[in-house]
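Data file: start-v4.cif. Format and content: mmCIF, C-alpha atoms.
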data_input
#
loop_
_atom_site.label_atom_id
_atom_site.label_comp_id
_atom_site.auth_asym_id
_atom_site.auth_seq_id
_atom_site.Cartn_x
_atom_site.Cartn_y
_atom_site.Cartn_z
CA THR A 1 32.93 -66.02 -64.39
CA GLU A 2 36.61 -65.25 -64.86
CA LYS A 3 38.08 -65.28 -68.33
CA ASN A 4 41.29 -67.12 -69.02
CA HIS A 5 44.22 -65.23 -70.53
CA THR A 6 43.26 -66.23 -74.09
CA GLU A 7 39.66 -65.10 -73.81
CA GLY A 8 40.73 -61.79 -72.28
CA ARG A 9 43.18 -61.07 -75.10
CA ALA A 10 40.65 -61.98 -77.79
CA HIS A 11 38.42 -59.09 -76.68
CA ASP A 12 41.19 -56.51 -76.65
CA HIS A 13 42.77 -56.34 -80.09
CA GLN A 14 45.60 -54.06 -78.97
CA VAL A 15 46.62 -56.45 -76.18
CA GLU A 16 46.27 -59.39 -78.60
CA GLN A 17 48.58 -57.71 -81.13
CA ILE A 18 51.17 -56.86 -78.48
CA PHE A 19 51.13 -60.45 -77.23
CA GLN A 20 51.52 -61.87 -80.75
CA ASP A 21 54.35 -59.43 -81.57
CA VAL A 22 56.24 -60.45 -78.43
CA MET A 23 55.71 -64.15 -79.16
CA GLU A 24 56.99 -63.69 -82.71
CA SER A 25 60.04 -61.82 -81.45
CA ILE A 26 60.84 -64.53 -78.91
CA SER A 27 60.31 -67.50 -81.21
CA GLY A 28 61.24 -66.18 -84.65
CA GLN A 29 64.76 -67.59 -84.67
CA ALA A 30 63.58 -70.95 -83.34
CA HIS A 31 60.97 -71.20 -86.12
CA ALA A 32 63.60 -70.66 -88.81
CA MET A 33 65.90 -73.23 -87.19
CA LEU A 34 63.07 -75.76 -86.93
CA ALA A 35 62.15 -75.35 -90.60
CA LYS A 36 65.81 -75.68 -91.56
CA ALA A 37 66.24 -78.88 -89.52
CA CYS A 38 63.07 -80.60 -90.74
CA ILE A 39 62.67 -82.50 -93.96
CA CYS A 40 59.11 -82.38 -95.30
CA LYS A 41 59.61 -83.55 -98.86
CA GLU A 42 56.93 -86.25 -98.82
CA GLN A 43 54.41 -84.46 -96.60
CA ASN A 44 51.80 -82.22 -98.17
CA THR A 45 49.84 -81.05 -95.10
CA LEU A 46 50.95 -79.32 -91.93
CA LEU A 47 48.68 -78.30 -89.05
CA ASP A 48 50.16 -76.03 -86.39
CA VAL A 49 48.03 -76.46 -83.27
CA GLY A 50 48.26 -73.32 -81.18
CA GLY A 51 50.16 -71.82 -84.10
CA GLY A 52 49.73 -68.22 -83.07
CA ASN A 53 50.38 -65.62 -85.73
CA GLY A 54 51.56 -68.13 -88.33
CA THR A 55 55.29 -67.40 -88.14
CA ASN A 56 56.16 -71.09 -87.89
CA LEU A 57 54.03 -72.06 -90.88
CA ILE A 58 55.33 -69.18 -92.96
CA ALA A 59 58.91 -70.43 -92.38
CA PHE A 60 57.89 -73.96 -93.38
CA ALA A 61 55.95 -72.79 -96.44
CA ARG A 62 58.98 -70.88 -97.70
CA LYS A 63 61.15 -73.98 -97.46
CA PHE A 64 58.50 -76.49 -98.57
CA PRO A 65 56.16 -74.78 -101.06
CA GLN A 66 54.19 -78.00 -101.64
CA LEU A 67 52.78 -77.85 -98.09
CA HIS A 68 49.15 -76.99 -97.47
CA ALA A 69 49.41 -75.40 -94.05
CA ALA A 70 46.88 -74.31 -91.46
CA VAL A 71 46.91 -72.75 -88.01
CA PHE A 72 44.53 -74.04 -85.34
CA ASP A 73 44.08 -71.36 -82.71
CA SER A 74 41.46 -68.92 -81.43
CA GLU A 75 39.51 -66.99 -84.05
CA SER A 76 41.25 -63.69 -83.36
CA VAL A 77 44.69 -65.28 -83.53
CA CYS A 78 43.87 -67.10 -86.79
CA GLU A 79 42.91 -63.74 -88.30
CA ILE A 80 46.36 -62.39 -87.40
CA ALA A 81 47.93 -65.50 -88.98
CA ARG A 82 45.91 -64.93 -92.19
CA GLN A 83 47.05 -61.30 -92.34
CA ASN A 84 50.69 -62.27 -91.74
CA SER A 85 50.56 -64.98 -94.37
CA ALA A 86 49.06 -62.63 -96.94
CA SER A 87 51.62 -59.89 -96.25
CA LYS A 88 54.63 -62.25 -96.38
CA ASN A 89 53.71 -64.03 -99.62
#

Now that the file is in, can you turn its structure into structure tokens?
Amino acid sequence: TEKNHTEGRAHDHQVEQIFQDVMESISGQAHAMLAKACICKEQNTLLDVGGGNGTNLIAFARKFPQLHAAVFDSESVCEIARQNSASKN
């Protein structure tokens, strides 16, 4: 059985990290702009489905510290998001 691109990356941590680094580089500015444009004063929960390495949620958490945020992604990607969140707090 062939693996899809996500399953293949999950088994090769180096490839997974390269992919996540590239995605962060490409989307980093957009994440900051999105957080700046959104108003989440009354919301207290944010779920980022397919949230990758957590860059989007980190930007939102900085602007809206009341948010309880979570990434829904593959196990290996969620581990990267946890590491990024811990290092940027």

Quick one: residues within 12 Å of A:Leu57, only C-alpha atoms, excluding same-chain residues fewer than 6 positions away - as an NGL selection string? :A and (28 or 31-32 or 34-35 or 45-51 or 63-65 or 67-72 or 81-82 or 84-85 or 88-89)

Compute the distance from (49.8, -59.9, -86.5) to each atom, counting all atoms listed in the file, keep the residues with any atom at most 10 Å away, and return them as an mmCIF file with C-alpha atoms, in the frame of the given file; use the coordinates of the file.
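What landed in point.cif:
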data_model
loop_
_atom_site.group_PDB
_atom_site.id
_atom_site.type_symbol
_atom_site.label_atom_id
_atom_site.label_comp_id
_atom_site.auth_asym_id
_atom_site.auth_seq_id
_atom_site.Cartn_x
_atom_site.Cartn_y
_atom_site.Cartn_z
ATOM 1 C CA GLU A 16 46.270 -59.390 -78.600
ATOM 2 C CA GLN A 17 48.580 -57.710 -81.130
ATOM 3 C CA ILE A 18 51.170 -56.860 -78.480
ATOM 4 C CA PHE A 19 51.130 -60.450 -77.230
ATOM 5 C CA GLN A 20 51.520 -61.870 -80.750
ATOM 6 C CA ASP A 21 54.350 -59.430 -81.570
ATOM 7 C CA GLU A 24 56.990 -63.690 -82.710
ATOM 8 C CA GLY A 52 49.730 -68.220 -83.070
ATOM 9 C CA ASN A 53 50.380 -65.620 -85.730
ATOM 10 C CA GLY A 54 51.560 -68.130 -88.330
ATOM 11 C CA THR A 55 55.290 -67.400 -88.140
ATOM 12 C CA SER A 76 41.250 -63.690 -83.360
ATOM 13 C CA VAL A 77 44.690 -65.280 -83.530
ATOM 14 C CA CYS A 78 43.870 -67.100 -86.790
ATOM 15 C CA GLU A 79 42.910 -63.740 -88.300
ATOM 16 C CA ILE A 80 46.360 -62.390 -87.400
ATOM 17 C CA ALA A 81 47.930 -65.500 -88.980
ATOM 18 C CA ARG A 82 45.910 -64.930 -92.190
ATOM 19 C CA GLN A 83 47.050 -61.300 -92.340
ATOM 20 C CA ASN A 84 50.690 -62.270 -91.740
ATOM 21 C CA SER A 85 50.560 -64.980 -94.370
ATOM 22 C CA SER A 87 51.620 -59.890 -96.250
#

Have a look at atom CA of A:Phe60 and atom CA of A:Lys36 and let me know their distance in Å, one decimal. 8.3 Å

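Distance-wise, atom CA of A:Ser74 and atom CA of A:Gln29 end up 23.6 Å apart.
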
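For the atom pair formed by atom CA of A:Ala59 and atom CA of A:Asp12, the distance is 27.5 Å, given to one decimal.
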
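Of the listed residues (A:Val22, A:Ala30, A:Ile58, A:Cys40), A:Ile58 comes nearest to A:Ala86; the distances count all atoms listed in the file.
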